[in-house]
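Data file: start.csv. Format and content: CSV, C-alpha atoms.
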```csv
chain,number,residue,atom,x,y,z
A,1,MET,CA,-6.1,39.5,6.6
A,2,ARG,CA,-4.0,38.2,9.5
A,3,TYR,CA,-6.5,38.8,12.3
A,4,THR,CA,-10.1,37.9,12.8
A,5,MET,CA,-12.5,39.0,15.5
A,6,PHE,CA,-14.9,37.1,17.8
A,7,ARG,CA,-17.1,38.0,20.7
A,8,HIS,CA,-16.5,36.2,24.1
A,9,ASN,CA,-19.2,35.0,26.3
A,10,ASN,CA,-18.7,38.0,28.6
A,11,GLY,CA,-19.5,40.3,25.7
A,12,MET,CA,-15.9,41.5,25.2
A,13,TYR,CA,-14.4,41.4,21.6
A,14,TYR,CA,-11.1,39.6,20.9
A,15,LEU,CA,-8.6,39.5,18.1
A,16,GLN,CA,-7.3,36.1,16.9
A,17,ASN,CA,-4.2,35.5,14.8
A,18,ARG,CA,-5.1,33.2,11.9
A,19,GLU,CA,-1.6,31.6,11.8
A,20,THR,CA,-0.7,31.2,15.5
A,21,ARG,CA,-4.3,31.2,16.9
A,22,ARG,CA,-3.1,33.6,19.6
A,23,GLN,CA,-5.9,35.8,21.1
A,24,LYS,CA,-5.8,39.3,22.4
A,25,SER,CA,-8.6,41.4,24.0
A,26,LEU,CA,-9.8,44.6,22.2
A,27,ARG,CA,-11.1,45.8,25.6
A,28,THR,CA,-14.4,46.9,24.3
A,29,LYS,CA,-18.0,45.5,24.1
A,30,ASP,CA,-18.9,48.0,21.3
A,31,LYS,CA,-19.0,46.1,18.0
A,32,ALA,CA,-18.4,49.2,15.8
A,33,LYS,CA,-15.4,50.1,17.8
A,34,ALA,CA,-14.1,46.6,17.8
A,35,GLN,CA,-14.4,46.4,14.0
A,36,ARG,CA,-12.5,49.7,13.6
A,37,LEU,CA,-9.7,48.4,15.8
A,38,LEU,CA,-9.6,45.1,13.8
A,39,ASN,CA,-9.3,47.0,10.5
A,40,GLU,CA,-6.6,49.2,11.8
A,41,ARG,CA,-4.6,46.2,13.1
A,42,ASN,CA,-4.9,44.4,9.8
A,43,GLN,CA,-4.0,47.5,7.8
A,44,MET,CA,-0.9,48.1,10.0
A,45,GLU,CA,0.2,44.5,9.5
A,46,ASP,CA,-0.3,44.6,5.7
A,47,ASN,CA,1.6,47.9,5.4
A,48,SER,CA,4.4,46.7,7.6
A,49,ALA,CA,4.8,43.4,5.6
A,50,ALA,CA,4.7,45.3,2.3
A,51,LEU,CA,7.3,47.9,3.5
A,52,ASN,CA,9.6,45.2,4.9
A,53,TYR,CA,9.3,43.3,1.6
A,54,GLU,CA,10.1,46.4,-0.5
A,55,LEU,CA,13.1,47.3,1.7
A,56,GLY,CA,14.5,43.7,1.6
A,57,THR,CA,14.0,43.5,-2.2
A,58,ALA,CA,15.7,46.8,-2.8
A,59,TYR,CA,18.7,45.7,-0.7
A,60,LEU,CA,19.0,42.3,-2.4
A,61,THR,CA,18.4,43.5,-6.0
A,62,ALA,CA,21.3,46.0,-5.6
A,63,ALA,CA,23.7,43.1,-5.9
A,64,ASP,CA,21.5,40.7,-8.0
A,65,PRO,CA,18.9,42.5,-10.3
A,66,GLU,CA,17.1,39.2,-11.0
A,67,MET,CA,16.6,38.4,-7.3
A,68,ALA,CA,13.0,39.7,-7.1
A,69,THR,CA,11.8,37.9,-10.2
A,70,ARG,CA,13.7,34.6,-10.1
A,71,THR,CA,11.1,31.8,-10.0
A,72,TRP,CA,11.2,28.2,-8.8
A,73,GLU,CA,11.1,27.0,-12.4
A,74,TYR,CA,14.4,28.9,-13.1
A,75,VAL,CA,16.0,27.2,-10.2
A,76,ALA,CA,14.8,23.8,-11.3
A,77,ARG,CA,16.1,24.2,-14.8
A,78,LYS,CA,19.5,25.4,-13.6
A,79,ALA,CA,19.7,22.3,-11.4
A,80,ILE,CA,19.7,20.1,-14.5
A,81,ARG,CA,23.4,19.7,-15.3
A,82,LYS,CA,24.9,18.8,-18.7
A,83,ASN,CA,26.9,15.9,-17.3
A,84,ASP,CA,23.8,14.3,-15.7
A,85,ALA,CA,23.1,10.7,-16.7
A,86,PRO,CA,20.2,10.5,-19.2
A,87,SER,CA,18.0,8.8,-16.6
A,88,THR,CA,18.8,11.5,-14.0
A,89,LYS,CA,18.1,14.3,-16.5
A,90,GLU,CA,14.8,12.7,-17.5
A,91,ARG,CA,13.7,12.5,-13.8
A,92,LYS,CA,14.6,16.2,-13.3
A,93,GLU,CA,12.7,17.2,-16.4
A,94,THR,CA,9.7,15.1,-15.4
A,95,ALA,CA,9.6,16.9,-12.0
A,96,LEU,CA,9.0,20.2,-14.0
A,97,ARG,CA,5.8,18.6,-15.4
A,98,GLN,CA,4.3,17.5,-12.1
A,99,ARG,CA,0.8,18.9,-11.7
A,100,ASP,CA,1.1,19.6,-8.0
A,101,LEU,CA,4.1,21.8,-8.6
A,102,GLN,CA,2.9,24.0,-11.4
A,103,GLY,CA,1.6,26.7,-9.1
A,104,LEU,CA,4.9,26.9,-7.2
A,105,LEU,CA,7.1,26.8,-10.3
A,106,ARG,CA,5.6,30.1,-11.5
A,107,LYS,CA,6.1,31.7,-8.1
A,108,PRO,CA,9.1,34.0,-7.3
A,109,LEU,CA,11.4,32.6,-4.6
A,110,LEU,CA,11.2,35.7,-2.5
A,111,LYS,CA,7.4,35.7,-2.6
A,112,THR,CA,7.1,32.1,-1.4
A,113,SER,CA,5.9,32.1,2.2
A,114,PRO,CA,6.9,29.3,4.7
A,115,GLU,CA,3.2,28.6,5.2
A,116,TYR,CA,2.5,28.1,1.5
A,117,LEU,CA,5.5,25.8,1.0
A,118,LEU,CA,4.9,23.8,4.1
A,119,GLU,CA,1.3,23.2,3.1
A,120,LEU,CA,2.4,22.2,-0.3
A,121,LEU,CA,4.9,19.7,1.1
A,122,GLU,CA,2.2,18.0,3.1
A,123,GLU,CA,0.2,17.3,-0.1
A,124,VAL,CA,2.8,16.4,-2.7
A,125,CYS,CA,4.2,12.9,-3.5
A,126,PRO,CA,7.6,11.7,-2.2
A,127,SER,CA,9.4,12.5,-5.4
A,128,SER,CA,8.1,16.1,-5.5
A,129,ASN,CA,9.1,16.5,-1.8
A,130,THR,CA,12.6,15.3,-2.7
A,131,PHE,CA,13.0,17.7,-5.6
A,132,LEU,CA,11.7,20.7,-3.6
A,133,TRP,CA,14.3,19.9,-1.0
A,134,ARG,CA,17.0,19.8,-3.7
A,135,TRP,CA,15.8,23.0,-5.3
A,136,GLN,CA,15.8,24.9,-2.1
A,137,ASN,CA,19.3,23.8,-1.2
A,138,PHE,CA,20.5,24.6,-4.7
A,139,ALA,CA,19.1,28.1,-4.5
A,140,LEU,CA,20.7,28.6,-1.0
A,141,ARG,CA,24.1,27.4,-2.4
A,142,MET,CA,23.8,29.8,-5.4
A,143,GLY,CA,22.9,32.7,-3.1
A,144,TRP,CA,19.5,33.1,-4.6
A,145,LEU,CA,17.8,32.7,-1.1
A,146,PRO,CA,19.1,34.6,1.9
A,147,ARG,CA,17.8,31.8,4.2
A,148,PRO,CA,15.8,28.6,4.0
A,149,ILE,CA,12.0,29.2,3.4
A,150,VAL,CA,11.3,26.0,5.4
A,151,PRO,CA,14.1,25.1,7.8
A,152,PRO,CA,15.5,21.5,7.5
A,153,ILE,CA,14.2,20.6,11.0
A,154,CYS,CA,10.6,21.5,9.9
A,155,TRP,CA,10.8,19.8,6.5
A,156,PRO,CA,8.2,17.0,6.4
A,157,LYS,CA,9.7,13.5,5.7
A,158,PRO,CA,8.4,12.0,2.5
A,159,LYS,CA,6.1,9.0,3.0
A,160,TYR,CA,7.2,6.3,0.6
A,161,GLY,CA,5.0,3.4,-0.5
A,162,LEU,CA,5.8,-0.3,-0.3
A,163,ARG,CA,9.5,-1.2,0.1
A,164,ARG,CA,10.0,-4.9,0.4
A,165,ALA,CA,11.8,-7.8,-1.3
A,166,ILE,CA,10.0,-10.0,-3.8
A,167,THR,CA,9.4,-13.4,-2.2
A,168,LYS,CA,10.7,-16.6,-3.7
A,169,GLU,CA,7.1,-17.8,-4.2
A,170,GLU,CA,6.3,-14.6,-6.2
A,171,TYR,CA,9.5,-15.0,-8.2
A,172,GLU,CA,8.7,-18.6,-9.1
A,173,LYS,CA,5.2,-17.8,-10.2
A,174,LEU,CA,6.3,-14.9,-12.4
A,175,LYS,CA,9.1,-17.0,-14.0
A,176,ALA,CA,6.6,-19.8,-14.7
A,177,SER,CA,4.1,-17.4,-16.2
A,178,CYS,CA,6.8,-16.3,-18.7
A,179,VAL,CA,7.3,-19.7,-20.4
A,180,LYS,CA,5.9,-18.3,-23.7
A,181,VAL,CA,8.1,-15.2,-23.3
A,182,PRO,CA,11.5,-16.8,-22.7
A,183,GLN,CA,13.3,-13.4,-22.9
A,184,TRP,CA,11.4,-12.1,-19.9
A,185,ALA,CA,11.8,-15.4,-18.0
A,186,ASP,CA,15.6,-15.2,-18.4
A,187,PHE,CA,15.6,-11.5,-17.6
A,188,LEU,CA,13.8,-12.1,-14.3
A,189,GLU,CA,16.1,-15.0,-13.4
A,190,CYS,CA,19.2,-12.8,-14.0
A,191,LEU,CA,17.7,-10.1,-11.8
A,192,TRP,CA,17.2,-12.7,-9.1
A,193,TRP,CA,20.8,-13.8,-9.1
A,194,THR,CA,22.6,-10.5,-9.7
A,195,GLY,CA,20.4,-7.8,-8.0
A,196,SER,CA,21.3,-5.4,-10.8
A,197,ALA,CA,19.2,-2.4,-11.8
A,198,GLN,CA,16.6,-3.4,-14.4
A,199,GLY,CA,18.0,-0.9,-16.9
A,200,ASP,CA,21.6,-2.2,-16.5
A,201,MET,CA,20.5,-5.8,-17.0
A,202,ALA,CA,18.3,-5.0,-20.0
A,203,LYS,CA,21.2,-3.3,-21.8
A,204,LEU,CA,23.7,-5.9,-20.9
A,205,ASP,CA,25.7,-6.8,-24.1
A,206,ALA,CA,28.5,-9.3,-25.0
A,207,SER,CA,31.3,-6.7,-24.4
A,208,LYS,CA,30.6,-6.9,-20.7
A,209,VAL,CA,30.6,-10.7,-20.3
A,210,ASP,CA,33.9,-12.7,-20.2
A,211,PHE,CA,33.0,-16.4,-20.4
A,212,GLU,CA,36.7,-17.5,-20.1
A,213,ALA,CA,37.1,-15.6,-16.8
A,214,ASN,CA,33.4,-16.5,-15.9
A,215,THR,CA,32.6,-12.9,-15.0
A,216,VAL,CA,29.9,-10.4,-16.0
A,217,CYS,CA,30.7,-6.7,-15.7
A,218,PHE,CA,28.1,-4.0,-14.9
A,219,HIS,CA,28.4,-0.3,-15.0
A,220,ARG,CA,25.7,1.6,-13.0
A,221,GLY,CA,23.7,3.7,-15.5
A,222,LYS,CA,23.3,6.5,-13.0
A,223,ILE,CA,27.1,7.1,-12.8
A,224,THR,CA,28.3,9.2,-15.6
A,225,ASP,CA,32.1,8.8,-14.9
A,226,PRO,CA,33.2,5.9,-17.2
A,227,ASP,CA,36.0,5.0,-14.7
A,228,LYS,CA,33.7,4.6,-11.7
A,229,GLY,CA,30.7,2.4,-10.9
A,230,TRP,CA,32.0,-0.8,-12.3
A,231,VAL,CA,31.5,-4.2,-10.6
A,232,HIS,CA,32.7,-7.6,-11.8
A,233,ILE,CA,30.5,-10.5,-10.7
A,234,GLN,CA,31.5,-14.1,-10.9
A,235,MET,CA,28.8,-16.1,-12.7
A,236,GLY,CA,27.1,-19.0,-11.1
A,237,PRO,CA,25.9,-22.0,-13.1
A,238,THR,CA,22.4,-20.7,-13.7
A,239,LEU,CA,23.5,-17.2,-14.8
A,240,ARG,CA,26.2,-18.6,-17.0
A,241,ALA,CA,23.8,-21.0,-18.7
A,242,ILE,CA,21.3,-18.2,-19.5
A,243,LEU,CA,23.9,-15.9,-21.0
A,244,LEU,CA,25.5,-18.7,-23.0
A,245,ARG,CA,22.1,-19.5,-24.4
A,246,ARG,CA,21.3,-15.9,-25.2
A,247,ARG,CA,24.6,-15.0,-26.9
A,248,ASN,CA,23.6,-12.8,-29.9
A,249,ASN,CA,26.7,-12.2,-32.1
A,250,GLY,CA,28.1,-9.4,-29.8
A,251,GLY,CA,24.7,-7.7,-29.3
A,252,HIS,CA,22.4,-7.3,-26.4
A,253,PHE,CA,21.4,-10.4,-24.5
A,254,PHE,CA,17.9,-9.0,-24.2
A,255,PRO,CA,17.4,-7.0,-27.4
A,256,GLU,CA,13.6,-6.5,-27.0
A,257,LEU,CA,14.0,-5.3,-23.4
A,258,ALA,CA,16.9,-3.1,-24.3
A,259,ALA,CA,14.8,-1.2,-26.8
A,260,MET,CA,12.0,-0.6,-24.2
A,261,LYS,CA,11.8,2.4,-22.0
A,262,THR,CA,12.0,1.9,-18.2
A,263,GLU,CA,8.4,2.7,-17.7
A,264,HIS,CA,7.3,0.3,-20.4
A,265,ARG,CA,9.2,-2.6,-18.8
A,266,ALA,CA,7.6,-1.6,-15.4
A,267,ASN,CA,4.1,-1.5,-16.9
A,268,TYR,CA,4.6,-5.0,-18.6
A,269,PHE,CA,5.8,-6.4,-15.2
A,270,LYS,CA,2.8,-4.9,-13.4
A,271,ARG,CA,0.4,-6.5,-15.9
A,272,ARG,CA,2.0,-9.8,-15.2
A,273,LEU,CA,1.5,-9.4,-11.5
A,274,ASP,CA,-2.2,-8.4,-12.1
A,275,ARG,CA,-2.9,-11.5,-14.2
A,276,LEU,CA,-1.4,-13.8,-11.5
A,277,GLY,CA,-3.3,-12.0,-8.7
A,278,LEU,CA,0.0,-11.0,-7.0
A,279,ASP,CA,0.6,-7.7,-5.2
A,280,THR,CA,0.8,-5.1,-7.9
A,281,ARG,CA,2.9,-2.8,-5.7
A,282,VAL,CA,5.8,-5.1,-6.2
A,283,THR,CA,8.3,-3.7,-8.8
A,284,LEU,CA,11.4,-4.8,-10.6
A,285,HIS,CA,13.4,-2.9,-8.0
A,286,CYS,CA,12.1,-5.4,-5.4
A,287,TYR,CA,14.6,-7.9,-6.8
A,288,ARG,CA,17.4,-5.8,-5.5
A,289,TYR,CA,15.8,-5.9,-2.0
A,290,ALA,CA,15.5,-9.7,-2.3
A,291,VAL,CA,19.2,-10.0,-3.2
A,292,ILE,CA,20.2,-7.9,-0.2
A,293,GLN,CA,17.9,-10.0,2.1
A,294,ARG,CA,19.4,-13.2,0.9
A,295,CYS,CA,22.9,-11.9,1.3
A,296,ARG,CA,22.1,-11.3,5.0
A,297,GLN,CA,20.6,-14.7,5.4
A,298,CYS,CA,23.7,-16.6,4.1
A,299,ASP,CA,26.3,-14.3,5.7
A,300,TYR,CA,27.5,-13.0,2.4
A,301,PRO,CA,30.4,-10.5,3.1
A,302,GLU,CA,29.0,-7.0,3.6
A,303,ARG,CA,31.6,-5.2,1.4
A,304,LEU,CA,30.8,-7.6,-1.4
A,305,ALA,CA,27.1,-7.2,-1.0
A,306,LYS,CA,27.5,-3.5,-1.3
A,307,ALA,CA,29.5,-4.0,-4.5
A,308,LEU,CA,26.9,-6.5,-5.8
A,309,VAL,CA,24.1,-4.0,-5.8
A,310,GLY,CA,26.2,-1.0,-6.6
A,311,HIS,CA,25.7,0.8,-3.3
A,312,SER,CA,28.4,2.6,-1.3
A,313,ARG,CA,26.5,1.8,2.0
A,314,PHE,CA,24.9,-1.4,3.2
A,315,GLY,CA,23.7,-2.5,6.6
A,316,GLY,CA,21.5,0.1,8.2
A,317,GLY,CA,23.7,3.2,7.9
A,318,LYS,CA,26.9,1.8,9.3
A,319,PRO,CA,29.9,4.2,9.0
A,320,PRO,CA,32.2,3.5,6.0
A,321,ASP,CA,35.0,1.1,6.8
A,322,VAL,CA,38.4,0.6,5.2
A,323,HIS,CA,36.9,-1.5,2.4
A,324,ASP,CA,34.9,1.5,1.1
A,325,ALA,CA,38.0,3.1,-0.3
A,326,TYR,CA,38.6,0.1,-2.5
A,327,LEU,CA,34.9,0.0,-3.6
A,328,ARG,CA,35.0,3.6,-4.7
A,329,ASN,CA,38.3,3.6,-6.6
A,330,GLY,CA,38.9,0.1,-7.7
A,331,ASN,CA,37.3,-2.9,-9.4
A,332,THR,CA,35.8,-5.4,-7.0
A,333,HIS,CA,35.4,-9.1,-8.1
A,334,VAL,CA,32.2,-10.4,-6.6
A,335,PRO,CA,31.6,-14.1,-6.1
A,336,SER,CA,28.4,-15.7,-7.4
A,337,LEU,CA,25.5,-15.5,-4.9
A,338,GLU,CA,24.1,-18.7,-6.3
A,339,GLN,CA,27.3,-20.6,-5.4
A,340,TYR,CA,27.6,-18.9,-2.1
A,341,GLU,CA,24.0,-19.8,-1.1
A,342,ASN,CA,24.5,-23.4,-2.1
A,343,ARG,CA,28.0,-23.9,-0.6
A,344,ASP,CA,28.7,-26.8,1.9
A,345,GLN,CA,27.4,-25.5,5.3
A,346,GLY,CA,30.0,-27.6,7.1
A,347,CYS,CA,33.0,-25.8,5.4
A,348,ALA,CA,34.6,-22.6,6.4
A,349,LYS,CA,33.0,-19.6,4.8
A,350,ILE,CA,35.9,-19.1,2.3
A,351,ILE,CA,35.4,-18.7,-1.4
A,352,PRO,CA,38.0,-18.8,-4.2
A,353,PHE,CA,38.4,-15.8,-6.4
A,354,PRO,CA,39.3,-16.3,-10.1
A,355,GLY,CA,42.8,-15.2,-11.0
A,356,HIS,CA,44.0,-14.5,-7.5
A,357,GLY,CA,45.8,-17.7,-6.9
A,358,GLY,CA,44.2,-18.3,-3.5
A,359,ALA,CA,41.2,-17.8,-1.4
A,360,ALA,CA,39.6,-14.8,0.2
A,361,ALA,CA,37.1,-14.5,3.1
```

Could you express the structure from this file as structure tokens?
Amino acid sequence: MRYTMFRHNNGMYYLQNRETRRQKSLRTKDKAKAQRLLNERNQMEDNSAALNYELGTAYLTAADPEMATRTWEYVARKAIRKNDAPSTKERKETALRQRDLQGLLRKPLLKTSPEYLLELLEEVCPSSNTFLWRWQNFALRMGWLPRPIVPPICWPKPKYGLRRAITKEEYEKLKASCVKVPQWADFLECLWWTGSAQGDMAKLDASKVDFEANTVCFHRGKITDPDKGWVHIQMGPTLRAILLRRRNNGGHFFPELAAMKTEHRANYFKRRLDRLGLDTRVTLHCYRYAVIQRCRQCDYPERLAKALVGHSRFGGGKPPDVHDAYLRNGNTHVPSLEQYENRDQGCAKIIPFPGHGGAAA
């Protein structure tokens, strides 16, 4: 029922809308009469809503017979594309198993009220919020929704957890604790100097490292196009020494970590933090934040910092500049962050690039 009834201090009965809290006088002090008026108003609203729904459904199903029965689960499954990267596809399939979304997934799109969806958005985790946003937009683009259920301006912003860089003290403690697990110690040190995604670093193999040119090549795992997403990083002394030591006849530099799933590496890292009494909200992704922070501190060129971490944007949402065109469609050679941090402060901020026969700012 949309309306409830209450008695004012002056003895007059009033209606109150459950959704808007707006009140209207029934102009009677007789309880029986007020109850009859309340029932008539609720019945009229129910009949009107049902009639409007039936008319709208009949109109829409004339062009699309499945319009009235299409559920959120159908939309979510159709949003999984065949050319999605394996990690992206896994995240989309995991969203279908989220407990807080099970009630919605079985619900038809056209029977989802704005109040229901808005209340759900206030309760779900940030990842579920993001997927709901994508599913609604996907349904709109496909013509399965005549209009947004919750307009973009009313969509609650997801509340993310900790987002910060791992500190040098935390990094040093973690590295020291992995003395008996040298593969993990080397892995964490490589993340510290490259800022690569943990999955990309764990699966690094000899085919992507050129010791003669002193470069290591990464391809972002999230990018399915084999001709895009590549970045060539010049190795510093520490990174080069680690990779030389870990050469394994053309195989992976970190074979045990390459065989682990992303969540297993994350859980192992969390257990390490717990044993050392460090903040367990720190993740392997925090190494990327640390690299960006250090790039800012040593005036590392912005376009190269963007290429280093594999992002198309860097620096607080600045508009794309002319360099972005080269970052999207060409291979960018990135200098070693270790050498750049330790360069002579008295010299001009110019660094040589291998194979270019000169220097570049």

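Among the candidate residues A:Arg275, A:Leu37, A:Leu118, A:Glu341, the one lying nearest to Arg296 of chain A is A:Glu341, with distances computed using only C-alpha atoms.
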
Problem - Nearest to Ala202 of chain A by atom-to-atom distance, counting all atoms listed in the file, from A:Phe218, A:Trp144, A:Phe187, A:Tyr287 - result: A:Phe187

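Closest approach to Leu121 of chain A among A:Lys159, A:Arg288, A:Arg294, A:Arg36 is made by A:Lys159 (distances from only C-alpha atoms).
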
Handout entry: Distance query segment 255-260 of chain A at most 12 Å, only C-alpha atoms, self and fewer than 4 positions along chain excluded, as a PyMOL selection string
Key = chain A and resi 181-188+198-206+246-251+264-269

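Interatomic distance, atom CA of Glu169 of chain A to atom CA of Lys261 of chain A: 27.3 Å.
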